[in-house]
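Before any comments, here is the structure.
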Amino acid sequence: MDKAYNHKDYEEKIYKQWETSGAFKEVAGKKPYTVLMPPPNANASLHAGHAMYTVDDILVRYKRMLGMSALWIPGMDHAGFETQYVYEKHLAKEGKSRMDFDRKTLYTNIFKFVQDNSGQIYKQFKRLGFCADWDRSVFTLDPQVTKQVYETFTKMHTEGFVYRDSYIVNYCTHCGTSLAELEVKHVERVDPLYYIKYGPFILATVRPETKFGDTAIAVHPADKRYKDWIGKEVEVEGLNGKFKLKVIADNAVDPDFGTGVVKVTPGHDPNDFEMGKRHNLEIKQIIDFNGKLTPIAGPYAGMKVKAAREKVAHDLQQIGLMEKIDTNYTHSIITCYKCGRDLEPLTVPNWFIKVSDLKKKVIQVVEDEQVKFHPKRFKKHMLSWLEIMHDWPISRQIVWGIRIPVWYNIDQNPNLVVIFLDKNKKIVTGETKDLLEKHSLSEIKAGLQKLIAPKESVYEISSDSPGEKYLPETDTFDTWFSSGQWPLVTLKDKEFETRFPTDFIGTLSDILKFWISRMIMFSLYLKNEVPYKDVYLWATVADKEGKKMSKSKGNVINPLELVDKYGADALRFSLIYGTPAGSKVILSDEKVKGMRNFSNKVWNMGRFLKMLIEEQGETLIPEFSASLETSETDKKMVSRLAEIIQIVTQTLENFKLSLAAETLYDFIWHEIADVYIEEVKQRQDKKTGLAVLKHIYLQSLKLLHPFMPFVTEAVWSELGQKDQLIASHWPTK
RNA sequence: GGCCGCUUAGCUCAGCUGGUAGAGCAUUCGGUUUACAUCCGACAGGUCAUAGGUUCGAGUCCUAUAGCGGCCACCA
């Protein structure tokens with residue numbers, strides 16, 4: 001044995017041994033324990049956050065040693081928007097964009113791209129020692145997933161949970177897609193606040209260019225200044241002729257902002273959109289998907305939004321309708337988190353899931369703790385989110401994903417808006433009834449990029465085309481719609497009898513509401529059972545300054561560099577030691593180094609023990625047993641071990657992994673090494689002491705194994721143990 | 001504005017169902033360098049944010065206040 005534990009000599013070798021011996025497989029006839037791995041993006045590579053999967057690995061190893069049929073099922077997510085964006089950046093380098101391809105080609109290309117880049121992350125997971133059953137890996141675009149998603153959609157449609165409606169989305173006219181709440185970035189900015197004359201009123205707005213889309217004027221119901229106007233129609237002088245607007249009263253209006261009067265533009269503001277729903281207001285689309293004003297804006301049609309804003313403001317000033325401009329107004333705007341440009345709220349027809357009935361059950365199981373959260377406070381988070389959870393728009397205007405299985409008959413729907421590449425590869429946009437005069441249907445089908453079907457379109461649900469005269473829906477499902485069914489697509493049919501609900505799932509708090517809530521919802525809807533019993537909130541990995549690691553901050557640490565330097569065990573222990581669930585962990589070189597020292601200590605204890613035994617003559621050391629004549633110190637250590645076993649088992653059962661790790665660290669280092677070994681070392685006759693010491697040390701290796709699998713396995717075999725430590729039994733006393 | 005969390009040794013943080021405080025790192029001193037990329041021992045360092053309350057007893061429960069952080073909403 002070398003003087004120091006050199007992780008590079010062991011990790012790869014040991015991992016192979018585990019894998020080829022089938023140690024990661026389930027075992028027939030034993031009580032099942034099931035953990036689902038949250039699927040990382042298929043084209044991603046490992047970042048510090050993924051290293052927190054260590055928590056899952058520890059539990060799986062522990063339960064396996066307890067004698068359960070532990071199964072950790074891995075997978076990968078196609079990660080719709082995220083992946084398509086990465087691919088498009090890649091395209092941009094070649095001077096191309098997605099507009100150069102028809103839908104089908106683009107999809108195929110992204111598929112190839114993902115395939116080339118995937119697999120990397122599993123290799124990296126293996127370097128961290130993760131003991132998942134890799135043969136069971138599921139990709140969210142695998143046929144069985146698509147099949148399940150289609151079935152769910154069809155069932156929900158039949159039972160009235162699916163509807164179409166226009167929906168206001170935060171649309172990036174540059175990236176050509178709508179963004180989810182998660183993808184939106186809020187930015188503080190100073191913009192001019194225009195006070196413009198509006199009929200009898202003066203109102204403040206930062207967006208004068210949207211006035212062509214106004215369909216009401218609103219005031220607060222309790223505002224005395226405007227009380228008499230409520231319900232009346234007023235005539236407003238515009239830049240495009242006069243028009244009449246109704247004055248409505250709505251609580252959403254802040255009487256203290258500006259003059260207390262606001263213009264309502266349901267087509268281009270989320271707040272106004274909601275107000276429009278409450279008051280049944282007309283939606284006028286005055287900005288198109290290219291970020292240009294539509295013909296409704298009259299002389300301003302075709303102008304880009306920003307230019308139009310300046311021109312409108314200027315023109316209003318010219319004709320004396322501009323009261324004043326506050327140039328010092330700070331407000332928060334939403335921007336695209338990818339390209340940084342301002343987002344445009346636009347309405348598009350969207351597919352929705354009605355959640356009010358579905359979420360009731362979810363609230364109940366969370367309240368009853370059929371699903372438990374660790375730490376507990378996230379139960380409250382979840383409940384408060386569920387309360388405000390609104391209907392779920394499930395369609396995304398991107399290619400990379402599972403297509404919504406809907407088809408439109410062209411004879412029945414003459415007004416489908418179609419964007420396609422004609423046979424000369426030129427983009428053509430228009431409505432089917434016009435397009436079909438110049439183009440054949442097959443030409444449209446071949447070059448199809450996007451289809452926008454008006455809300456009242458007639459459609460059929462089917463995975464394949466129902467006939468010749470059909471065009472497909474081009475929207476894909478929200479990624480959460482498929483990953484929300486993760487528990488249902490990872491298990492095999494018969495496993496629902498034995499492994500469902502699964503036992504445990506680990507996650508980060510930021511996707512608790514997007515992912516965890518939806519999995520529970522789908523699971524209750526389709527199986528009438530919760531998907532798992534315990535939800536563990538991983539700590540977020542932060543840098544030395546305590547800031548969350550993110551690419552944009554440039555403070556990411558590649559965990560593999562730390563593995564190279566200090567070993568997988570050291571990194572794993574750093575993430576667990578001193579890190580309760582739901583907290584944050586500061587990953588610094590010093591900490592990992594400190595933990596490397598611990599793994600080295602464990603190694604040297606084993607090495608020293610072996611030396612002492614060989615010195616005494618191996619055959620002369622008695623077997624450890626309860627009847628062995630031992631000294632007081634030996635006895636004390638044996639009972640101390642029993643206590644430690646109890647504490648570690650208990651803390652693991654309660655998901656207090658950090659306490660378990662700290663207990664082991666202290667016991668092994670400061671009780672066994674510092675005190676007990678030192679004492680045995682001094683003895684004249686070491687034989688009995690060594691028997692006890694060996695026993696205690698080996699039992700401790702078992703306890704430590706889930707946390708530091710490599711060094712424990714290495715030293716275990718160096719001490720002549722024949723069977724693998726990973727397959728040994730968890731000590732009970 | 002709403003909700004949640006945090007505030008404990010110089011730093012990073014543990015402290016479960018209440019019984020008058022712990023670890024790691026750093027610092028200082030000593031030892032070892034024939035288990036240990038070192039390691040061991042020791043000293044020092046905290047009125048547990050503040051103010052009330054419940055209790056025989058509170059870092060631990062309750063209320064209020066302050067500072068910090070997070071999430072959500074609003075921002076026309």
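Chain labels run A, B, ... following the order of the structure tokens; each chain numbers its residues from 1, and ligands are numbered from 1 in the order shown.
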
Counting only C-alpha atoms (C1' of nucleotides), which residues of chain A sit at most 7 Å from some atom of chain B, and what is each one's closest atom pair with its distance in Å to one decimal, listed by chain and rising residue number, as JSON lines?
{"residue": "A:Ala4", "atom": "CA", "partner": "B:A37", "partner_atom": "C1'", "distance": 6.8}
{"residue": "A:Thr205", "atom": "CA", "partner": "B:A76", "partner_atom": "C1'", "distance": 5.9}
{"residue": "A:Val262", "atom": "CA", "partner": "B:A76", "partner_atom": "C1'", "distance": 5.7}
{"residue": "A:Lys263", "atom": "CA", "partner": "B:A76", "partner_atom": "C1'", "distance": 6.7}
{"residue": "A:His331", "atom": "CA", "partner": "B:C75", "partner_atom": "C1'", "distance": 6.1}
{"residue": "A:Ser332", "atom": "CA", "partner": "B:C75", "partner_atom": "C1'", "distance": 6.6}
{"residue": "A:Gly578", "atom": "CA", "partner": "B:A14", "partner_atom": "C1'", "distance": 6.8}
{"residue": "A:Asn600", "atom": "CA", "partner": "B:C36", "partner_atom": "C1'", "distance": 6.9}
{"residue": "A:Lys601", "atom": "CA", "partner": "B:C36", "partner_atom": "C1'", "distance": 5.6}
{"residue": "A:Asn604", "atom": "CA", "partner": "B:C36", "partner_atom": "C1'", "distance": 5.3}
{"residue": "A:Met605", "atom": "CA", "partner": "B:A35", "partner_atom": "C1'", "distance": 6.4}
{"residue": "A:Arg607", "atom": "CA", "partner": "B:A35", "partner_atom": "C1'", "distance": 6.6}
{"residue": "A:Phe608", "atom": "CA", "partner": "B:A35", "partner_atom": "C1'", "distance": 4.5}

Inset, instruction - Please identify which residues in segment 342-489 of chain A DSSP calls strand (DSSP E) from the backbone, and express them as JSON, numbers by chain. - result: {"A": [344, 345, 346, 347, 348, 349, 350, 351, 352, 353, 372, 373, 374, 392, 393, 395, 396, 406, 407, 408, 409, 417, 418, 419, 420, 421, 427, 428, 429, 430, 431, 448, 449, 450, 451, 452, 459, 460, 461, 470, 471, 472, 476, 477]}

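Rounded to one decimal, atom CA of Ala660 of chain A and atom C1' of G15 of chain B lie 13.9 Å from each other.
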
Distance table requested - segment 386-469 of chain A against segment 154-161 of chain A, cut-off 9 Å, only C-alpha atoms: one row per qualifying residue with the closest atom pair and its distance in Å to one decimal, ordered by chain and rising residue number, as a Markdown table.
| residue | atom | partner | partner_atom | distance |
| --- | --- | --- | --- | --- |
| A:Pro405 | CA | A:Thr154 | CA | 8.8 |
| A:Ile461 | CA | A:Thr154 | CA | 7.3 |
| A:Ser462 | CA | A:Thr154 | CA | 8.7 |

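The space separating atom CA of Glu151 of chain A from atom CA of Arg396 of chain A comes to 18.8 Å.
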
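Using only C-alpha atoms, the smallest distance between any of A:His78, A:Lys304, A:Lys185, A:Lys89 and Thr146 of chain A comes from A:His78.
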
Legend entry - Those of segment 123-356 of chain A in DSSP helix (DSSP H, G or I), formatted as a ChimeraX atom specification: /A:123-127,134-136,143-158,181-183,208-213,224-229,270-279,295-300,305-318,356
